[in-house]
>>> print(open('protein-v4.pdb').read())   # PDB, C-alpha atoms
ATOM      1  CA  MET A   1      28.359  15.505   4.128
ATOM      2  CA  ALA A   2      28.032  11.739   3.800
ATOM      3  CA  CYS A   3      24.693  10.664   2.346
ATOM      4  CA  ALA A   4      25.576   7.033   1.742
ATOM      5  CA  ASP A   5      24.734   4.226   4.121
ATOM      6  CA  LEU A   6      25.727   0.642   3.539
ATOM      7  CA  SER A   7      25.095  -1.622   6.481
ATOM      8  CA  LYS A   8      23.269  -4.682   5.168
ATOM      9  CA  GLY A   9      23.605  -7.228   2.405
ATOM     10  CA  VAL A  10      21.186  -9.698   0.829
ATOM     11  CA  GLN A  11      21.958 -13.380   1.284
ATOM     12  CA  ALA A  12      19.988 -15.829  -0.828
ATOM     13  CA  SER A  13      17.660 -17.969   1.272
ATOM     14  CA  CYS A  14      16.201 -21.319   0.205
ATOM     15  CA  THR A  15      12.867 -19.524  -0.301
ATOM     16  CA  SER A  16      14.357 -16.887  -2.589
ATOM     17  CA  ILE A  17      16.378 -19.395  -4.625
ATOM     18  CA  LYS A  18      13.303 -21.515  -5.230
ATOM     19  CA  LYS A  19      10.869 -18.613  -5.700
ATOM     20  CA  ILE A  20       8.718 -19.293  -8.752
ATOM     21  CA  GLY A  21       7.998 -16.673 -11.404
ATOM     22  CA  GLY A  22       4.849 -15.221 -12.872
ATOM     23  CA  LEU A  23       1.743 -13.421 -11.710
ATOM     24  CA  ASP A  24      -1.820 -14.380 -10.943
ATOM     25  CA  LYS A  25      -4.448 -13.443 -13.533
ATOM     26  CA  ARG A  26      -6.042 -10.844 -11.208
ATOM     27  CA  ILE A  27      -4.578  -7.354 -10.804
ATOM     28  CA  TYR A  28      -5.961  -4.703  -8.454
ATOM     29  CA  ILE A  29      -5.723  -1.133  -9.753
ATOM     30  CA  GLY A  30      -6.313   2.043  -7.776
ATOM     31  CA  LEU A  31      -5.904   5.781  -8.056
ATOM     32  CA  LEU A  32      -3.381   7.421  -5.731
ATOM     33  CA  ASP A  33      -5.585  10.506  -5.390
ATOM     34  CA  ASP A  34      -8.373   8.296  -4.033
ATOM     35  CA  LEU A  35      -6.274   7.140  -1.072
ATOM     36  CA  ALA A  36      -7.104   8.717   2.270
ATOM     37  CA  SER A  37      -4.064   7.181   3.972
ATOM     38  CA  ALA A  38      -1.280   4.675   3.554
ATOM     39  CA  THR A  39       0.643   3.004   6.361
ATOM     40  CA  PHE A  40       4.159   2.007   5.389
ATOM     41  CA  GLY A  41       6.602  -0.345   7.057
ATOM     42  CA  GLY A  42       9.467   1.238   8.976
ATOM     43  CA  VAL A  43      12.766   2.591   7.698
ATOM     44  CA  GLY A  44      14.495   0.103   5.422
ATOM     45  CA  LEU A  45      11.325  -1.919   4.813
ATOM     46  CA  ASN A  46       9.751  -1.874   1.351
ATOM     47  CA  SER A  47       6.277  -2.585   2.571
ATOM     48  CA  VAL A  48       2.870  -1.001   2.886
ATOM     49  CA  THR A  49       0.793  -2.474   5.685
ATOM     50  CA  ALA A  50      -2.550  -0.761   5.076
ATOM     51  CA  LEU A  51      -4.377   1.401   2.573
ATOM     52  CA  THR A  52      -7.578   3.321   3.171
ATOM     53  CA  PHE A  53      -9.679   5.067   0.540
ATOM     54  CA  LYS A  54     -11.783   8.193   0.543
ATOM     55  CA  SER A  55     -15.517   7.579   0.817
ATOM     56  CA  GLY A  56     -16.956   5.845  -2.249
ATOM     57  CA  LYS A  57     -13.510   5.149  -3.736
ATOM     58  CA  GLY A  58     -11.560   1.907  -3.906
ATOM     59  CA  LEU A  59      -9.725  -0.645  -5.999
ATOM     60  CA  VAL A  60     -10.938  -2.109  -9.277
ATOM     61  CA  GLN A  61     -10.022  -5.579 -10.459
ATOM     62  CA  TYR A  62      -8.703  -6.523 -13.880
ATOM     63  CA  ILE A  63      -8.878 -10.261 -14.370
ATOM     64  CA  GLY A  64      -7.271 -11.784 -17.422
ATOM     65  CA  ARG A  65      -5.759 -15.186 -17.978
ATOM     66  CA  LYS A  66      -3.114 -17.291 -16.315
ATOM     67  CA  ASP A  67       0.528 -16.729 -17.341
ATOM     68  CA  LYS A  68      -0.206 -13.536 -19.284
ATOM     69  CA  ASN A  69       0.692 -10.760 -16.826
ATOM     70  CA  ASN A  70       4.037  -9.520 -15.601
ATOM     71  CA  ALA A  71       5.522  -6.664 -13.605
ATOM     72  CA  GLY A  72       9.012  -5.251 -13.373
ATOM     73  CA  VAL A  73      11.416  -2.504 -12.408
ATOM     74  CA  GLU A  74      14.188  -0.839 -14.401
ATOM     75  CA  ILE A  75      16.669   1.530 -12.844
ATOM     76  CA  GLU A  76      17.238   4.897 -14.490
ATOM     77  CA  ARG A  77      20.092   6.949 -13.119
ATOM     78  CA  GLY A  78      19.554  10.693 -12.963
ATOM     79  CA  GLU A  79      21.533  13.756 -11.949
ATOM     80  CA  ASN A  80      20.140  13.847  -8.404
ATOM     81  CA  VAL A  81      17.762  10.923  -8.113
ATOM     82  CA  THR A  82      17.870   7.389  -9.415
ATOM     83  CA  LEU A  83      14.391   6.361 -10.486
ATOM     84  CA  ARG A  84      12.975   2.864 -10.328
ATOM     85  CA  ASN A  85      10.843   2.767 -13.447
ATOM     86  CA  GLN A  86       8.058   0.379 -12.583
ATOM     87  CA  SER A  87       5.772  -1.394 -15.010
ATOM     88  CA  VAL A  88       2.788  -3.714 -14.826
ATOM     89  CA  ASN A  89       1.844  -5.389 -18.101
ATOM     90  CA  LEU A  90      -1.463  -7.138 -18.474
ATOM     91  CA  LEU A  91      -3.648  -8.487 -21.223
ATOM     92  CA  VAL A  92      -7.178  -7.091 -21.075
ATOM     93  CA  TYR A  93      -9.818  -9.342 -22.622
ATOM     94  CA  TYR A  94     -12.906  -7.390 -23.628
ATOM     95  CA  SER A  95     -16.027  -8.253 -25.604
ATOM     96  CA  ASP A  96     -18.569  -5.464 -25.168
ATOM     97  CA  ALA A  97     -18.997  -1.703 -25.229
ATOM     98  CA  THR A  98     -18.924  -1.310 -21.446
ATOM     99  CA  GLU A  99     -15.620  -3.154 -21.101
ATOM    100  CA  LEU A 100     -14.066  -1.172 -23.939
ATOM    101  CA  GLY A 101     -15.379   2.065 -22.419
ATOM    102  CA  THR A 102     -13.867   1.108 -19.051
ATOM    103  CA  LEU A 103     -10.509   0.448 -20.689
ATOM    104  CA  ASP A 104     -10.776   3.750 -22.555
ATOM    105  CA  ALA A 105     -11.313   5.617 -19.276
ATOM    106  CA  LEU A 106      -8.339   3.880 -17.638
ATOM    107  CA  ILE A 107      -6.068   4.939 -20.519
ATOM    108  CA  ASP A 108      -6.800   8.603 -19.735
ATOM    109  CA  THR A 109      -6.216   8.212 -15.998
ATOM    110  CA  GLU A 110      -2.950   9.357 -14.413
ATOM    111  CA  GLY A 111      -1.530   8.510 -10.997
ATOM    112  CA  LEU A 112      -2.423   4.832 -10.885
ATOM    113  CA  PHE A 113      -1.016   2.101  -8.688
ATOM    114  CA  ALA A 114      -1.390  -1.635  -9.104
ATOM    115  CA  ILE A 115      -1.260  -4.580  -6.711
ATOM    116  CA  VAL A 116      -0.221  -7.888  -8.228
ATOM    117  CA  GLU A 117      -0.264 -11.356  -6.718
ATOM    118  CA  THR A 118       2.862 -13.306  -7.564
ATOM    119  CA  ASN A 119       2.741 -17.038  -8.197
ATOM    120  CA  ALA A 120       5.221 -17.236  -5.333
ATOM    121  CA  GLY A 121       2.453 -16.096  -2.979
ATOM    122  CA  SER A 122       3.218 -12.446  -2.248
ATOM    123  CA  LEU A 123       1.304  -9.285  -3.058
ATOM    124  CA  GLU A 124       3.400  -6.464  -4.506
ATOM    125  CA  VAL A 125       2.436  -2.846  -5.003
ATOM    126  CA  TYR A 126       3.689  -0.969  -8.072
ATOM    127  CA  GLY A 127       3.496   2.796  -8.570
ATOM    128  CA  LEU A 128       3.360   3.658  -4.869
ATOM    129  CA  ALA A 129       6.171   5.843  -3.569
ATOM    130  CA  LYS A 130       7.075   5.485   0.086
ATOM    131  CA  SER A 131       6.690   9.183   0.660
ATOM    132  CA  ALA A 132       4.329  11.783   2.079
ATOM    133  CA  SER A 133       3.925  13.032  -1.494
ATOM    134  CA  PHE A 134       3.108   9.649  -2.982
ATOM    135  CA  ASN A 135       0.265  11.082  -5.036
ATOM    136  CA  ASN A 136       2.833  13.067  -7.040
ATOM    137  CA  PHE A 137       3.988   9.784  -8.598
ATOM    138  CA  GLY A 138       2.140   6.778  -9.993
ATOM    139  CA  LEU A 139       1.679   4.882 -13.209
ATOM    140  CA  VAL A 140       0.111   5.844 -16.519
ATOM    141  CA  ALA A 141      -1.304   3.577 -19.198
ATOM    142  CA  SER A 142       0.015   2.818 -22.633
ATOM    143  CA  GLY A 143      -0.158  -0.210 -24.890
ATOM    144  CA  SER A 144      -1.622  -1.598 -28.068
ATOM    145  CA  GLY A 145      -4.228  -4.004 -29.315
ATOM    146  CA  ASN A 146      -5.713  -5.188 -32.566
ATOM    147  CA  SER A 147      -8.273  -7.559 -33.986
ATOM    148  CA  GLY A 148      -5.762 -10.195 -35.041
ATOM    149  CA  THR A 149      -5.443 -11.385 -38.627
ATOM    150  CA  VAL A 150      -6.463 -15.008 -38.460
ATOM    151  CA  MET A 151      -8.848 -16.792 -36.153
ATOM    152  CA  GLN A 152      -6.201 -18.067 -33.749
ATOM    153  CA  ASP A 153      -4.696 -14.599 -33.153
ATOM    154  CA  SER A 154      -5.039 -12.806 -29.834
ATOM    155  CA  THR A 155      -7.710 -10.121 -29.659
ATOM    156  CA  ALA A 156      -6.757  -8.878 -26.209
ATOM    157  CA  PHE A 157      -5.422  -5.389 -25.483
ATOM    158  CA  ASN A 158      -1.808  -5.247 -24.253
ATOM    159  CA  LEU A 159      -2.017  -2.721 -21.439
ATOM    160  CA  ALA A 160       1.176  -1.374 -19.885
ATOM    161  CA  LEU A 161       1.065   0.701 -16.701
ATOM    162  CA  THR A 162       4.404   2.459 -16.265
ATOM    163  CA  GLY A 163       5.910   5.228 -14.175
ATOM    164  CA  GLY A 164       9.009   6.441 -12.366
ATOM    165  CA  VAL A 165       9.014   5.935  -8.616
ATOM    166  CA  PRO A 166      11.870   6.715  -6.199
ATOM    167  CA  ASN A 167      11.679   3.259  -4.584
ATOM    168  CA  MET A 168      11.334  -0.351  -5.686
ATOM    169  CA  GLN A 169       7.938  -2.006  -5.501
ATOM    170  CA  LEU A 170       6.460  -2.538  -2.019
ATOM    171  CA  TYR A 171       5.271  -5.764  -0.439
ATOM    172  CA  TYR A 172       1.664  -5.527   0.732
ATOM    173  CA  ASN A 173       1.316  -6.361   4.435
ATOM    174  CA  PRO A 174       3.957  -9.126   4.398
ATOM    175  CA  THR A 175       3.374 -10.258   7.984
ATOM    176  CA  ALA A 176      -0.174 -11.437   7.195
ATOM    177  CA  ASP A 177      -0.930 -14.549   5.144
ATOM    178  CA  LEU A 178      -2.112 -14.381   1.531
ATOM    179  CA  PRO A 179      -5.806 -15.260   2.105
ATOM    180  CA  THR A 180      -6.065 -12.556   4.793
ATOM    181  CA  ASN A 181      -4.514  -9.951   2.505
ATOM    182  CA  ILE A 182      -6.658 -10.938  -0.482
ATOM    183  CA  ALA A 183      -9.773 -10.685   1.678
ATOM    184  CA  ALA A 184      -8.647  -7.204   2.746
ATOM    185  CA  LEU A 185      -8.056  -6.125  -0.860
ATOM    186  CA  ASP A 186     -11.389  -7.586  -1.955
ATOM    187  CA  ALA A 187     -13.031  -5.560   0.807
ATOM    188  CA  LEU A 188     -11.359  -2.432  -0.578
ATOM    189  CA  SER A 189     -12.615  -3.204  -4.086
ATOM    190  CA  ILE A 190     -15.515  -1.181  -5.440
ATOM    191  CA  ASP A 191     -15.692  -3.269  -8.618
ATOM    192  CA  PRO A 192     -15.250  -6.804  -7.335
ATOM    193  CA  ALA A 193     -14.695  -9.843  -9.490
ATOM    194  CA  PRO A 194     -17.704 -11.922 -10.545
ATOM    195  CA  ALA A 195     -18.306 -14.738  -8.065
ATOM    196  CA  GLU A 196     -17.429 -17.531 -10.523
ATOM    197  CA  VAL A 197     -13.917 -16.153 -11.325
TER     198      VAL A 197
ATOM    199  CA  MET B 198      11.987  11.453  21.378
ATOM    200  CA  ALA B 199       8.206  11.372  20.965
ATOM    201  CA  LYS B 200       6.492  14.776  20.778
ATOM    202  CA  SER B 201       3.074  13.637  21.950
ATOM    203  CA  LYS B 202       2.338  13.695  25.674
ATOM    204  CA  ASN B 203      -0.949  11.830  25.516
ATOM    205  CA  TYR B 204      -0.587   9.350  22.650
ATOM    206  CA  ARG B 205       1.946   6.903  21.293
ATOM    207  CA  PHE B 206       2.235   4.235  18.624
ATOM    208  CA  LYS B 207       1.280   0.779  19.861
ATOM    209  CA  ASN B 208       4.328  -1.406  20.350
ATOM    210  CA  GLU B 209       3.493  -3.722  17.431
ATOM    211  CA  PHE B 210       3.198  -0.731  15.085
ATOM    212  CA  LYS B 211       6.074   1.327  16.489
ATOM    213  CA  ASP B 212       7.953   1.305  13.157
ATOM    214  CA  ALA B 213       4.913   2.208  11.021
ATOM    215  CA  ILE B 214       4.834   5.362   8.922
ATOM    216  CA  ILE B 215       1.313   6.753   8.416
ATOM    217  CA  VAL B 216       0.992   8.973   5.369
ATOM    218  CA  LEU B 217      -1.981  11.283   4.903
ATOM    219  CA  PRO B 218      -1.577  12.491   1.319
ATOM    220  CA  GLN B 219      -4.259  15.200   1.410
ATOM    221  CA  LEU B 220      -2.316  16.901   4.190
ATOM    222  CA  LYS B 221       1.117  15.909   2.828
ATOM    223  CA  LYS B 222       1.757  14.603   6.316
ATOM    224  CA  GLU B 223       3.957  11.748   7.434
ATOM    225  CA  VAL B 224       3.431  10.540  10.992
ATOM    226  CA  THR B 225       5.825   8.202  12.806
ATOM    227  CA  ALA B 226       6.337   7.237  16.441
ATOM    228  CA  LYS B 227       9.025   9.939  16.673
ATOM    229  CA  THR B 228       7.038  12.743  15.050
ATOM    230  CA  LEU B 229       3.597  11.978  16.519
ATOM    231  CA  THR B 230       2.065  15.012  18.205
ATOM    232  CA  ASP B 231      -1.167  15.232  20.195
ATOM    233  CA  GLU B 232      -2.710  17.154  17.275
ATOM    234  CA  ASP B 233      -1.701  14.404  14.815
ATOM    235  CA  ALA B 234      -3.135  11.696  17.051
ATOM    236  CA  GLU B 235      -6.415  13.505  17.552
ATOM    237  CA  LEU B 236      -6.689  14.194  13.831
ATOM    238  CA  ILE B 237      -6.079  10.529  13.002
ATOM    239  CA  ILE B 238      -8.596   9.285  15.568
ATOM    240  CA  LYS B 239     -11.232  11.776  14.395
ATOM    241  CA  LYS B 240     -10.730  11.852  10.614
ATOM    242  CA  PHE B 241      -8.929   8.600   9.790
ATOM    243  CA  PRO B 242     -10.408   5.965  12.138
ATOM    244  CA  GLN B 243      -9.209   3.137   9.854
ATOM    245  CA  VAL B 244      -5.579   3.824  10.811
ATOM    246  CA  ALA B 245      -6.277   4.843  14.413
ATOM    247  CA  HIS B 246      -5.505   1.302  15.588
ATOM    248  CA  ASN B 247      -1.810   2.175  15.224
ATOM    249  CA  ILE B 248      -1.901   4.577  18.167
ATOM    250  CA  GLU B 249      -3.082   4.467  21.759
ATOM    251  CA  LYS B 250      -3.639   6.882  24.610
ATOM    252  CA  ILE B 251      -0.867   6.906  27.208
ATOM    253  CA  GLU B 252      -2.958   7.972  30.201
ATOM    254  CA  ASP B 253      -4.654   4.546  30.478
ATOM    255  CA  GLU B 254      -1.430   3.126  31.910
ATOM    256  CA  GLN B 255      -0.811   6.088  34.245
ATOM    257  CA  GLU B 256      -4.271   5.873  35.791
ATOM    258  CA  GLU B 257      -3.750   2.312  36.943
ATOM    259  CA  PRO B 258      -1.032   2.894  39.608
ATOM    260  CA  LYS B 259      -2.953   5.950  40.831
ATOM    261  CA  ALA B 260      -6.028   3.816  41.410
ATOM    262  CA  LYS B 261      -3.954   1.236  43.299
ATOM    263  CA  ARG B 262      -2.551   3.961  45.581
ATOM    264  CA  GLU B 263      -6.046   5.151  46.411
ATOM    265  CA  THR B 264      -7.051   1.612  47.359
ATOM    266  CA  LYS B 265      -4.066   1.377  49.731
ATOM    267  CA  LYS B 266      -5.029   4.644  51.424
ATOM    268  CA  GLY B 267      -8.513   3.302  51.908
ATOM    269  CA  ASP B 268      -7.122   0.116  53.473
ATOM    270  CA  GLU B 269      -5.026   2.111  55.973
ATOM    271  CA  LYS B 270      -8.133   3.907  57.225
TER     272      LYS B 270
END
>>> encode(input="protein-v4.pdb", output="structure tokens")
Amino acid sequence: MACADLSKGVQASCTSIKKIGGLDKRIYIGLLDDLASATFGGVGLNSVTALTFKSGKGLVQYIGRKDKNNAGVEIERGENVTLRNQSVNLLVYYSDATELGTLDALIDTEGLFAIVETNAGSLEVYGLAKSASFNNFGLVASGSGNSGTVMQDSTAFNLALTGGVPNMQLYYNPTADLPTNIAALDALSIDPAPAEV
Amino acid sequence: MAKSKNYRFKNEFKDAIIVLPQLKKEVTAKTLTDEDAELIIKKFPQVAHNIEKIEDEQEEPKAKRETKKGDEK
């Protein structure tokens, strides 16, 4: 039985050649178990067009600093399945007990997904499998942080959200423009950013 | 071939895949059943915009025929 299908290639466009790197300082994080539904793009499309949450649930926003966050995928070949190990790395800047408590709670949470805004202008979803069983997957937290030794040292916590997913990251609603999508994600947020950020 | 007699995916969303994780259910234009459509409309109204009732279109020609009959009289 033939399981392979090769019918398309990827040809570099002007947009992809000139696509700039890096992520925005804001990252949306959600819990897969809190999702009531997800609408994915069709076969062959790595996209999710809509997310809905159970009542009272939603996204939270982690806002750090410019040029400090990144996200990536590493392929890990397996006996039956080749995993796309996805990671979102962010610096969390905290200064009080509530913020540290919030970070502490996130560290113990499994089945996370994260939506990042690239400097190139797209929104990409990490930790979300394009599958009916997507809540079997997701990201978990790890990382490290310390006080620094001298005054100029960083005091932020290096948070890494990582997990194996059977597909690459997904574009979030790629047919809509960025402001529309950000407004939609802000509307799904239960812990929105302060107005001045 | 669609399984639903009364509902279908709207043309602009015909490739969409709706996943309902609590039910471990994946709904596409090909697998949509009447039960799926009614469940989505009732329990998941935020994704109900992907589907539409078919009978709206069928009623229109019927109404036109009735008007013609009336004209003949």
>>> resolve_selection(input="protein-v4.pdb", expression="the PyMOL selection byres ((chain B) within 7 of (chain A))", output="PyMOL selection string")
chain B and resi 212-218+221-223+243
>>> residues_around(input="protein-v4.pdb", residues="Tyr204 (chain B)", least_positions_apart="4", cutoff="8 Å", atoms="all atoms listed in the file", output="MDAnalysis selection string")
chainID B and resid 229:231 234 248:251
>>> resolve_selection(input="protein-v4.pdb", expression="the PyMOL selection byres ((chain A and resi 187) around 12)", output="number ranges by chain")
A: 28, 51-53, 57-61, 180-186, 188-193
>>> atom_distance(input="protein-v4.pdb", atom1="CA of Tyr171 (chain A)", atom2="CA of Ile115 (chain A)")
9.1 Å
>>> resolve_selection(input="protein-v4.pdb", expression="the PyMOL selection byres ((chain A and resi 69-72) around 8)", output="PyMOL selection string")
chain A and resi 22-25+65-68+73-74+86-91+116
>>> residues_around(input="protein-v4.pdb", residues="Asn85 (chain A)", least_positions_apart="3", cutoff="10 Å", atoms="all atoms listed in the file", output="PyMOL selection string")
chain A and resi 72-76+82+126-127+139+162-169
>>> residues_around(input="protein-v4.pdb", residues="Ala245 (chain B)", least_positions_apart="5", cutoff="10 Å", atoms="all atoms listed in the file", output="PyMOL selection string")
chain B and resi 206+215+234-240
>>> atom_distance(input="protein-v4.pdb", atom1="CA of Glu232 (chain B)", atom2="CA of Leu220 (chain B)")
13.1 Å
>>> atom_distance(input="protein-v4.pdb", atom1="CA of Thr155 (chain A)", atom2="CA of Ile27 (chain A)")
19.3 Å
>>> closest_residue(input="protein-v4.pdb", among="A:Gly138, A:Gly9, A:Pro174, A:Gly21", to="Thr118 (chain A)", atoms="all atoms listed in the file")
A:Gly21
>>> closest_residue(input="protein-v4.pdb", among="A:Asn158, A:Ser122, A:Ser55, A:Thr109", to="Tyr93 (chain A)", atoms="all atoms listed in the file")
A:Asn158
